[in-house]
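upload33.cif follows; it contains mmCIF, C-alpha atoms.
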```cif
data_input
loop_
_atom_site.group_PDB
_atom_site.id
_atom_site.type_symbol
_atom_site.label_atom_id
_atom_site.label_comp_id
_atom_site.auth_asym_id
_atom_site.auth_seq_id
_atom_site.Cartn_x
_atom_site.Cartn_y
_atom_site.Cartn_z
ATOM 1 C CA GLY H 234 -30.144 -71.543 -81.066
ATOM 2 C CA ALA H 235 -26.674 -70.176 -81.432
ATOM 3 C CA GLY H 236 -26.273 -66.884 -79.601
ATOM 4 C CA VAL H 237 -29.614 -66.964 -77.813
ATOM 5 C CA SER H 238 -30.358 -68.740 -74.554
ATOM 6 C CA GLN H 239 -33.915 -69.049 -73.313
ATOM 7 C CA SER H 240 -35.034 -70.263 -69.930
ATOM 8 C CA PRO H 241 -36.798 -72.212 -68.767
ATOM 9 C CA SER H 242 -37.174 -74.581 -71.688
ATOM 10 C CA ASN H 243 -40.467 -75.810 -70.272
ATOM 11 C CA LYS H 244 -42.838 -74.212 -67.809
ATOM 12 C CA VAL H 245 -46.060 -75.609 -66.442
ATOM 13 C CA THR H 246 -48.144 -73.239 -64.390
ATOM 14 C CA GLU H 247 -51.600 -73.047 -62.951
ATOM 15 C CA LYS H 248 -54.168 -70.709 -64.373
ATOM 16 C CA GLY H 249 -54.015 -67.355 -62.634
ATOM 17 C CA LYS H 250 -50.336 -67.512 -61.736
ATOM 18 C CA ASP H 251 -47.707 -65.144 -63.081
ATOM 19 C CA VAL H 252 -44.790 -66.420 -65.143
ATOM 20 C CA GLU H 253 -41.520 -64.900 -66.230
ATOM 21 C CA LEU H 254 -39.656 -66.063 -69.313
ATOM 22 C CA ARG H 255 -36.059 -65.137 -69.900
ATOM 23 C CA CYS H 256 -34.002 -64.474 -73.014
ATOM 24 C CA ASP H 257 -30.268 -64.092 -72.717
ATOM 25 C CA PRO H 258 -28.436 -62.991 -75.860
ATOM 26 C CA ILE H 259 -24.729 -63.610 -76.075
ATOM 27 C CA SER H 260 -24.147 -60.260 -77.723
ATOM 28 C CA GLY H 261 -25.810 -57.079 -76.517
ATOM 29 C CA HIS H 262 -25.526 -55.238 -79.824
ATOM 30 C CA THR H 263 -28.675 -56.642 -81.318
ATOM 31 C CA ALA H 264 -32.339 -56.037 -81.730
ATOM 32 C CA LEU H 265 -34.355 -58.502 -79.650
ATOM 33 C CA TYR H 266 -37.757 -59.897 -80.533
ATOM 34 C CA TRP H 267 -40.374 -62.008 -78.795
ATOM 35 C CA TYR H 268 -42.762 -64.199 -80.758
ATOM 36 C CA ARG H 269 -45.469 -66.615 -79.699
ATOM 37 C CA GLN H 270 -46.234 -69.845 -81.523
ATOM 38 C CA SER H 271 -49.400 -71.661 -80.563
ATOM 39 C CA LEU H 272 -49.643 -75.375 -81.338
ATOM 40 C CA GLY H 273 -49.455 -75.949 -85.079
ATOM 41 C CA GLN H 274 -49.653 -72.238 -85.824
ATOM 42 C CA GLY H 275 -47.413 -69.568 -87.266
ATOM 43 C CA LEU H 276 -45.355 -67.029 -85.377
ATOM 44 C CA GLU H 277 -47.172 -64.150 -83.755
ATOM 45 C CA PHE H 278 -45.099 -61.026 -83.142
ATOM 46 C CA LEU H 279 -45.265 -59.744 -79.577
ATOM 47 C CA ILE H 280 -42.620 -57.083 -78.971
ATOM 48 C CA TYR H 281 -39.172 -55.960 -80.030
ATOM 49 C CA PHE H 282 -36.392 -53.905 -78.482
ATOM 50 C CA GLN H 283 -33.767 -51.997 -80.435
ATOM 51 C CA GLY H 284 -31.045 -50.017 -78.777
ATOM 52 C CA ASN H 285 -32.286 -47.063 -76.768
ATOM 53 C CA SER H 286 -35.453 -46.656 -78.824
ATOM 54 C CA ALA H 287 -38.813 -47.231 -77.237
ATOM 55 C CA PRO H 288 -39.838 -50.870 -77.683
ATOM 56 C CA ASP H 289 -42.486 -51.739 -80.249
ATOM 57 C CA LYS H 290 -45.171 -53.329 -78.091
ATOM 58 C CA SER H 291 -47.814 -53.434 -80.799
ATOM 59 C CA GLY H 292 -48.082 -57.223 -80.753
ATOM 60 C CA LEU H 293 -48.725 -57.757 -77.071
ATOM 61 C CA PRO H 294 -52.175 -59.405 -76.901
ATOM 62 C CA SER H 295 -53.308 -57.897 -73.602
ATOM 63 C CA ASP H 296 -52.139 -55.833 -70.664
ATOM 64 C CA ARG H 297 -51.322 -59.072 -68.861
ATOM 65 C CA PHE H 298 -48.252 -59.261 -71.063
ATOM 66 C CA SER H 299 -45.209 -57.102 -70.497
ATOM 67 C CA ALA H 300 -41.535 -57.266 -71.322
ATOM 68 C CA GLU H 301 -38.387 -55.459 -70.467
ATOM 69 C CA ARG H 302 -34.797 -55.512 -71.577
ATOM 70 C CA THR H 303 -32.256 -54.536 -69.001
ATOM 71 C CA GLY H 304 -29.001 -52.934 -70.025
ATOM 72 C CA GLY H 305 -29.627 -53.743 -73.664
ATOM 73 C CA SER H 306 -28.987 -57.403 -72.996
ATOM 74 C CA VAL H 307 -31.190 -59.824 -71.052
ATOM 75 C CA SER H 308 -34.920 -59.634 -71.674
ATOM 76 C CA THR H 309 -37.801 -60.983 -69.642
ATOM 77 C CA LEU H 310 -41.340 -61.551 -70.834
ATOM 78 C CA THR H 311 -43.868 -61.548 -68.025
ATOM 79 C CA ILE H 312 -47.371 -62.918 -68.253
ATOM 80 C CA GLN H 313 -49.612 -62.060 -65.348
ATOM 81 C CA ARG H 314 -52.690 -64.038 -64.312
ATOM 82 C CA THR H 315 -52.032 -66.691 -66.946
ATOM 83 C CA GLN H 316 -54.905 -68.138 -68.928
ATOM 84 C CA GLN H 317 -55.106 -71.443 -70.752
ATOM 85 C CA GLU H 318 -54.993 -69.651 -74.094
ATOM 86 C CA ASP H 319 -51.523 -68.394 -73.155
ATOM 87 C CA SER H 320 -50.221 -71.947 -73.626
ATOM 88 C CA ALA H 321 -47.724 -71.768 -76.467
ATOM 89 C CA VAL H 322 -44.042 -71.746 -77.291
ATOM 90 C CA TYR H 323 -42.494 -68.351 -76.676
ATOM 91 C CA LEU H 324 -39.556 -67.651 -78.937
ATOM 92 C CA CYS H 325 -36.885 -65.029 -78.528
ATOM 93 C CA ALA H 326 -34.938 -63.931 -81.593
ATOM 94 C CA LEU H 327 -32.073 -61.587 -82.340
ATOM 95 C CA ALA H 328 -30.984 -59.576 -85.348
ATOM 96 C CA PRO H 329 -27.950 -57.331 -85.761
ATOM 97 C CA ILE H 330 -28.832 -53.670 -85.670
ATOM 98 C CA GLY H 331 -28.477 -51.797 -88.953
ATOM 99 C CA GLN H 332 -28.395 -54.786 -91.298
ATOM 100 C CA SER H 333 -31.652 -54.951 -93.180
ATOM 101 C CA ASN H 334 -30.795 -58.231 -94.851
ATOM 102 C CA SER H 335 -30.053 -60.047 -91.637
ATOM 103 C CA PRO H 336 -32.306 -62.932 -90.657
ATOM 104 C CA LEU H 337 -33.613 -63.438 -87.179
ATOM 105 C CA HIS H 338 -31.692 -65.960 -85.114
ATOM 106 C CA PHE H 339 -33.982 -67.805 -82.759
ATOM 107 C CA GLY H 340 -33.549 -69.366 -79.382
ATOM 108 C CA ASN H 341 -34.991 -72.797 -78.688
ATOM 109 C CA GLY H 342 -38.037 -71.315 -77.030
ATOM 110 C CA THR H 343 -39.922 -71.771 -73.792
ATOM 111 C CA ARG H 344 -42.884 -74.114 -73.933
ATOM 112 C CA LEU H 345 -45.524 -72.711 -71.583
ATOM 113 C CA THR H 346 -48.409 -74.879 -70.465
ATOM 114 C CA VAL H 347 -51.160 -73.332 -68.405
ATOM 115 C CA THR H 348 -53.305 -75.911 -66.610
ATOM 116 C CA ALA Z 66 -55.013 -57.788 -94.125
ATOM 117 C CA GLN Z 67 -52.481 -60.577 -94.226
ATOM 118 C CA LYS Z 68 -49.035 -59.338 -95.073
ATOM 119 C CA ILE Z 69 -47.636 -62.811 -95.733
ATOM 120 C CA THR Z 70 -49.777 -65.529 -97.246
ATOM 121 C CA GLN Z 71 -48.853 -69.172 -97.515
ATOM 122 C CA THR Z 72 -51.787 -70.896 -99.152
ATOM 123 C CA GLN Z 73 -50.570 -74.487 -98.824
ATOM 124 C CA PRO Z 74 -51.128 -75.804 -95.310
ATOM 125 C CA GLY Z 75 -49.601 -79.137 -96.299
ATOM 126 C CA MET Z 76 -47.587 -80.584 -99.160
ATOM 127 C CA PHE Z 77 -46.272 -84.010 -100.072
ATOM 128 C CA VAL Z 78 -43.288 -84.708 -102.289
ATOM 129 C CA GLN Z 79 -41.562 -87.892 -103.324
ATOM 130 C CA GLU Z 80 -37.968 -88.268 -102.217
ATOM 131 C CA LYS Z 81 -35.498 -86.905 -104.803
ATOM 132 C CA GLU Z 82 -38.187 -84.827 -106.487
ATOM 133 C CA ALA Z 83 -38.369 -81.024 -106.439
ATOM 134 C CA VAL Z 84 -41.115 -79.134 -104.624
ATOM 135 C CA THR Z 85 -42.274 -75.530 -104.645
ATOM 136 C CA LEU Z 86 -43.722 -73.847 -101.583
ATOM 137 C CA ASP Z 87 -45.725 -70.708 -102.278
ATOM 138 C CA CYS Z 88 -45.531 -67.360 -100.531
ATOM 139 C CA THR Z 89 -47.091 -64.042 -101.446
ATOM 140 C CA TYR Z 90 -46.659 -60.797 -99.571
ATOM 141 C CA ASP Z 91 -48.236 -57.406 -99.336
ATOM 142 C CA THR Z 92 -46.264 -54.219 -98.903
ATOM 143 C CA SER Z 93 -46.191 -50.711 -100.290
ATOM 144 C CA ASP Z 94 -42.495 -50.373 -99.541
ATOM 145 C CA GLN Z 95 -39.904 -50.474 -102.292
ATOM 146 C CA SER Z 96 -37.271 -51.810 -99.930
ATOM 147 C CA TYR Z 97 -37.899 -55.001 -97.993
ATOM 148 C CA GLY Z 98 -36.390 -58.381 -97.247
ATOM 149 C CA LEU Z 99 -37.905 -61.829 -97.626
ATOM 150 C CA PHE Z 100 -36.797 -64.825 -95.600
ATOM 151 C CA TRP Z 101 -37.568 -68.526 -95.432
ATOM 152 C CA TYR Z 102 -37.242 -70.651 -92.321
ATOM 153 C CA LYS Z 103 -37.487 -74.368 -91.672
ATOM 154 C CA GLN Z 104 -38.926 -75.691 -88.442
ATOM 155 C CA PRO Z 105 -38.452 -79.438 -87.936
ATOM 156 C CA SER Z 106 -40.401 -81.346 -85.343
ATOM 157 C CA SER Z 107 -37.719 -80.473 -82.793
ATOM 158 C CA GLY Z 108 -39.071 -76.922 -82.889
ATOM 159 C CA GLU Z 109 -35.949 -74.955 -83.718
ATOM 160 C CA MET Z 110 -36.222 -72.234 -86.352
ATOM 161 C CA ILE Z 111 -33.569 -72.621 -89.028
ATOM 162 C CA PHE Z 112 -32.886 -69.785 -91.457
ATOM 163 C CA LEU Z 113 -32.689 -71.054 -95.036
ATOM 164 C CA ILE Z 114 -32.497 -68.263 -97.577
ATOM 165 C CA TYR Z 115 -32.913 -64.514 -98.091
ATOM 166 C CA GLN Z 116 -34.091 -62.347 -100.975
ATOM 167 C CA GLY Z 117 -33.791 -58.575 -100.997
ATOM 168 C CA SER Z 118 -36.345 -56.537 -102.890
ATOM 169 C CA TYR Z 119 -33.626 -54.945 -105.012
ATOM 170 C CA ASP Z 120 -31.864 -58.204 -105.808
ATOM 171 C CA GLU Z 121 -32.042 -58.807 -109.524
ATOM 172 C CA GLN Z 122 -31.126 -62.460 -109.327
ATOM 173 C CA ASN Z 123 -33.106 -65.166 -107.589
ATOM 174 C CA ALA Z 124 -31.403 -66.268 -104.399
ATOM 175 C CA THR Z 125 -29.925 -69.752 -104.172
ATOM 176 C CA GLU Z 126 -28.432 -71.673 -101.263
ATOM 177 C CA GLY Z 127 -27.504 -75.232 -102.050
ATOM 178 C CA ARG Z 128 -30.707 -77.167 -102.754
ATOM 179 C CA TYR Z 129 -32.836 -74.125 -101.889
ATOM 180 C CA SER Z 130 -33.712 -71.439 -104.388
ATOM 181 C CA LEU Z 131 -36.289 -68.706 -104.625
ATOM 182 C CA ASN Z 132 -38.559 -67.904 -107.519
ATOM 183 C CA PHE Z 133 -38.876 -64.181 -106.804
ATOM 184 C CA GLN Z 134 -41.501 -62.379 -108.859
ATOM 185 C CA LYS Z 135 -41.560 -58.826 -107.606
ATOM 186 C CA ALA Z 136 -44.448 -57.623 -109.736
ATOM 187 C CA ARG Z 137 -46.580 -60.481 -108.451
ATOM 188 C CA LYS Z 138 -45.268 -60.023 -104.920
ATOM 189 C CA SER Z 139 -44.389 -63.644 -104.603
ATOM 190 C CA THR Z 140 -41.303 -65.445 -103.392
ATOM 191 C CA ASN Z 141 -41.742 -69.183 -103.766
ATOM 192 C CA LEU Z 142 -39.240 -71.576 -102.243
ATOM 193 C CA VAL Z 143 -37.989 -74.384 -104.439
ATOM 194 C CA ILE Z 144 -36.364 -77.376 -102.795
ATOM 195 C CA SER Z 145 -34.593 -79.590 -105.274
ATOM 196 C CA ALA Z 146 -33.790 -83.274 -104.798
ATOM 197 C CA SER Z 147 -35.957 -83.583 -101.681
ATOM 198 C CA GLN Z 148 -34.631 -85.605 -98.794
ATOM 199 C CA LEU Z 149 -36.460 -87.251 -95.927
ATOM 200 C CA GLY Z 150 -34.850 -84.722 -93.591
ATOM 201 C CA ASP Z 151 -36.627 -81.922 -95.436
ATOM 202 C CA SER Z 152 -39.890 -82.936 -93.774
ATOM 203 C CA ALA Z 153 -40.749 -79.922 -91.622
ATOM 204 C CA MET Z 154 -42.790 -76.751 -91.398
ATOM 205 C CA TYR Z 155 -41.604 -73.969 -93.677
ATOM 206 C CA PHE Z 156 -42.269 -70.322 -92.911
ATOM 207 C CA CYS Z 157 -41.990 -67.324 -95.173
ATOM 208 C CA ALA Z 158 -41.274 -63.966 -93.529
ATOM 209 C CA MET Z 159 -40.905 -60.341 -94.542
ATOM 210 C CA ARG Z 160 -39.134 -57.387 -93.038
ATOM 211 C CA GLU Z 161 -40.211 -54.024 -94.406
ATOM 212 C CA ASP Z 162 -38.070 -50.940 -94.704
ATOM 213 C CA PRO Z 163 -38.186 -49.296 -91.269
ATOM 214 C CA THR Z 164 -37.642 -45.835 -92.720
ATOM 215 C CA THR Z 165 -41.038 -45.966 -94.377
ATOM 216 C CA SER Z 166 -42.991 -48.470 -92.303
ATOM 217 C CA GLY Z 167 -41.505 -47.214 -89.059
ATOM 218 C CA THR Z 168 -40.994 -50.706 -87.797
ATOM 219 C CA TYR Z 169 -38.364 -53.383 -87.806
ATOM 220 C CA LYS Z 170 -40.883 -56.155 -87.392
ATOM 221 C CA TYR Z 171 -40.479 -59.444 -89.181
ATOM 222 C CA ILE Z 172 -43.898 -60.744 -90.195
ATOM 223 C CA PHE Z 173 -44.379 -64.472 -90.674
ATOM 224 C CA GLY Z 174 -46.812 -66.511 -92.713
ATOM 225 C CA THR Z 175 -48.799 -69.393 -91.266
ATOM 226 C CA GLY Z 176 -46.449 -71.975 -92.708
ATOM 227 C CA THR Z 177 -46.550 -75.005 -94.967
ATOM 228 C CA ARG Z 178 -46.022 -78.488 -93.596
ATOM 229 C CA LEU Z 179 -43.921 -80.516 -96.017
ATOM 230 C CA LYS Z 180 -43.798 -84.277 -95.891
ATOM 231 C CA VAL Z 181 -41.192 -86.081 -97.977
ATOM 232 C CA LEU Z 182 -42.202 -89.604 -98.922
ATOM 233 C CA ALA Z 183 -39.707 -92.452 -99.274
#
```

Can the structure from this file be put into structure tokens for me?
Amino acid sequence: GAGVSQSPSNKVTEKGKDVELRCDPISGHTALYWYRQSLGQGLEFLIYFQGNSAPDKSGLPSDRFSAERTGGSVSTLTIQRTQQEDSAVYLCALAPIGQSNSPLHFGNGTRLTVT
Amino acid sequence: AQKITQTQPGMFVQEKEAVTLDCTYDTSDQSYGLFWYKQPSSGEMIFLIYQGSYDEQNATEGRYSLNFQKARKSTNLVISASQLGDSAMYFCAMREDPTTSGTYKYIFGTGTRLKVLA
């Protein structure tokens, strides 16, 4: 997606391993969101970061999931001790701060497969 | 409780016909935004159209329009003159007013899979 780079595009990992997913926005002056989309399902909110405010972590499904955003720009989503149910596409999205009518702009996602 | 409800898991439409995809939402806010996205089989999320809660006119963008009924809390997407390339998943989403809900979250429905038939 324009303005949002996610890496890797695909990740296959063994159950129990840790994985780190990266989201690199082109502009730093945005709110940044992580969503999870399981096969054939809708988008599940995980976490968002906005400026210097504390992140809203209310969507993280367990304490194995964590995320950080360094310097208001790059964000990493870390999943520890992966489980098969973590297999999904993880989407990063951006929205300009202060514009309530602005849509989210999504990256192309990271497809995570836990074997 | 579901904040965004899309009751049609799948829809078929004949090419060149119009189709309506349903979406209802639940909020106590007066100020909120409603969004529709298209997700083709490639997986990318494509923003289609936006409706603000205070907008008096239904939003339109090319072949896409919204039938916004605020009292019923529904914002149905109408695609006119369907094309084969319209076959995709369609998601409805809502962003509530952060000053009252305290959050900037965008909440998505479960989607409707549209298949356009030749």

Give one line per residue of chain Z that approaches chain H to at most 7 Å, naming the two atoms of the closest pair and their distance in Å to one decimal, counting all atoms listed in the file; sort by chain then ascending residue number and deliver it as a tab-separated table.
```
residue	atom	partner	partner_atom	distance
Z:Gly98	CA	H:Asn334	CA	6.1
Z:Phe100	CA	H:Pro336	CA	6.9
Z:Glu109	CA	H:Asn341	CA	5.6
Z:Met110	CA	H:Phe339	CA	6.1
Z:Phe112	CA	H:Pro336	CA	6.9
Z:Gly117	CA	H:Asn334	CA	6.8
Z:Phe173	CA	H:Leu276	CA	6.0
Z:Gly174	CA	H:Gly275	CA	6.3
Z:Thr175	CA	H:Gly275	CA	4.2
Z:Gly176	CA	H:Gly275	CA	6.0
```

Take the residues that were just selected and, keeping C-alpha atoms, output them as a tab-separated table (two decimals), in the frame of the given file.
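This is the output file out_3.tsv:
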```tsv
chain	number	residue	atom	x	y	z
Z	98	GLY	CA	-36.39	-58.38	-97.25
Z	100	PHE	CA	-36.80	-64.82	-95.60
Z	109	GLU	CA	-35.95	-74.96	-83.72
Z	110	MET	CA	-36.22	-72.23	-86.35
Z	112	PHE	CA	-32.89	-69.78	-91.46
Z	117	GLY	CA	-33.79	-58.58	-101.00
Z	173	PHE	CA	-44.38	-64.47	-90.67
Z	174	GLY	CA	-46.81	-66.51	-92.71
Z	175	THR	CA	-48.80	-69.39	-91.27
Z	176	GLY	CA	-46.45	-71.97	-92.71
```

- Would you kindly return, as an MDAnalysis selection string, each protein, DNA or RNA residue with an atom no farther than 9 Å from any atom of H:Ser320, considering only C-alpha atoms and excluding same-chain residues fewer than 6 positions away? chainID H and resid 271:272 344:348

- Task: Carefully work through the PyMOL selection byres ((chain H and resi 245-261) around 6) for this structure and note down the residues it includes, as a PyMOL selection string.
- Result: chain H and resi 236-240+244+262-263+305-316+345-348

Any chance you can output those residues with C-alpha atoms as an mmCIF file, in the coordinates of the input?
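The resulting file, selection.cif, is reproduced below:
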```cif
data_model
loop_
_atom_site.group_PDB
_atom_site.id
_atom_site.type_symbol
_atom_site.label_atom_id
_atom_site.label_comp_id
_atom_site.auth_asym_id
_atom_site.auth_seq_id
_atom_site.Cartn_x
_atom_site.Cartn_y
_atom_site.Cartn_z
ATOM 1 C CA GLY H 236 -26.273 -66.884 -79.601
ATOM 2 C CA VAL H 237 -29.614 -66.964 -77.813
ATOM 3 C CA SER H 238 -30.358 -68.740 -74.554
ATOM 4 C CA GLN H 239 -33.915 -69.049 -73.313
ATOM 5 C CA SER H 240 -35.034 -70.263 -69.930
ATOM 6 C CA LYS H 244 -42.838 -74.212 -67.809
ATOM 7 C CA HIS H 262 -25.526 -55.238 -79.824
ATOM 8 C CA THR H 263 -28.675 -56.642 -81.318
ATOM 9 C CA GLY H 305 -29.627 -53.743 -73.664
ATOM 10 C CA SER H 306 -28.987 -57.403 -72.996
ATOM 11 C CA VAL H 307 -31.190 -59.824 -71.052
ATOM 12 C CA SER H 308 -34.920 -59.634 -71.674
ATOM 13 C CA THR H 309 -37.801 -60.983 -69.642
ATOM 14 C CA LEU H 310 -41.340 -61.551 -70.834
ATOM 15 C CA THR H 311 -43.868 -61.548 -68.025
ATOM 16 C CA ILE H 312 -47.371 -62.918 -68.253
ATOM 17 C CA GLN H 313 -49.612 -62.060 -65.348
ATOM 18 C CA ARG H 314 -52.690 -64.038 -64.312
ATOM 19 C CA THR H 315 -52.032 -66.691 -66.946
ATOM 20 C CA GLN H 316 -54.905 -68.138 -68.928
ATOM 21 C CA LEU H 345 -45.524 -72.711 -71.583
ATOM 22 C CA THR H 346 -48.409 -74.879 -70.465
ATOM 23 C CA VAL H 347 -51.160 -73.332 -68.405
ATOM 24 C CA THR H 348 -53.305 -75.911 -66.610
#
```

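Residues near the point (-39.7, -53.8, -93.3), at a distance of 6 Å or less over all atoms listed in the file, make up Tyr97, Arg160, Glu161, Asp162, Pro163 and Tyr169 of chain Z.
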
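When atom CA of Z:Ser147 is paired with atom CA of Z:Pro74, their separation reads 18.2 Å.
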
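Taking atom CA of Z:Tyr115 and atom CA of Z:Phe133 as endpoints, the distance between them is 10.6 Å.
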
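Coordinates place atom CA of Z:Trp101 at a distance of 9.3 Å from atom CA of Z:Thr140.
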
- Item | Selection result of the PyMOL selection byres ((chain Z and resi 136) around 12) on this file, as number ranges by chain | Z: 89-93, 95, 118, 133-135, 137-140

Evaluate the PyMOL selection byres ((chain Z and resi 75) around 8) on the structure here and hand back the selected residues as a PDB file with C-alpha atoms, in the coordinates of the input.
```
ATOM      1  CA  GLN Z  73     -50.570 -74.487 -98.824  1.00  0.00           C
ATOM      2  CA  PRO Z  74     -51.128 -75.804 -95.310  1.00  0.00           C
ATOM      3  CA  MET Z  76     -47.587 -80.584 -99.160  1.00  0.00           C
ATOM      4  CA  PHE Z  77     -46.272 -84.010-100.072  1.00  0.00           C
ATOM      5  CA  THR Z 177     -46.550 -75.005 -94.967  1.00  0.00           C
ATOM      6  CA  ARG Z 178     -46.022 -78.488 -93.596  1.00  0.00           C
ATOM      7  CA  LEU Z 179     -43.921 -80.516 -96.017  1.00  0.00           C
ATOM      8  CA  LYS Z 180     -43.798 -84.277 -95.891  1.00  0.00           C
TER       9      LYS Z 180
END
```

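Residue nearest Z:Val143, chosen from Z:Ser106, Z:Thr85, Z:Thr125, Z:Gln79 and counting all atoms listed in the file: Z:Thr85.
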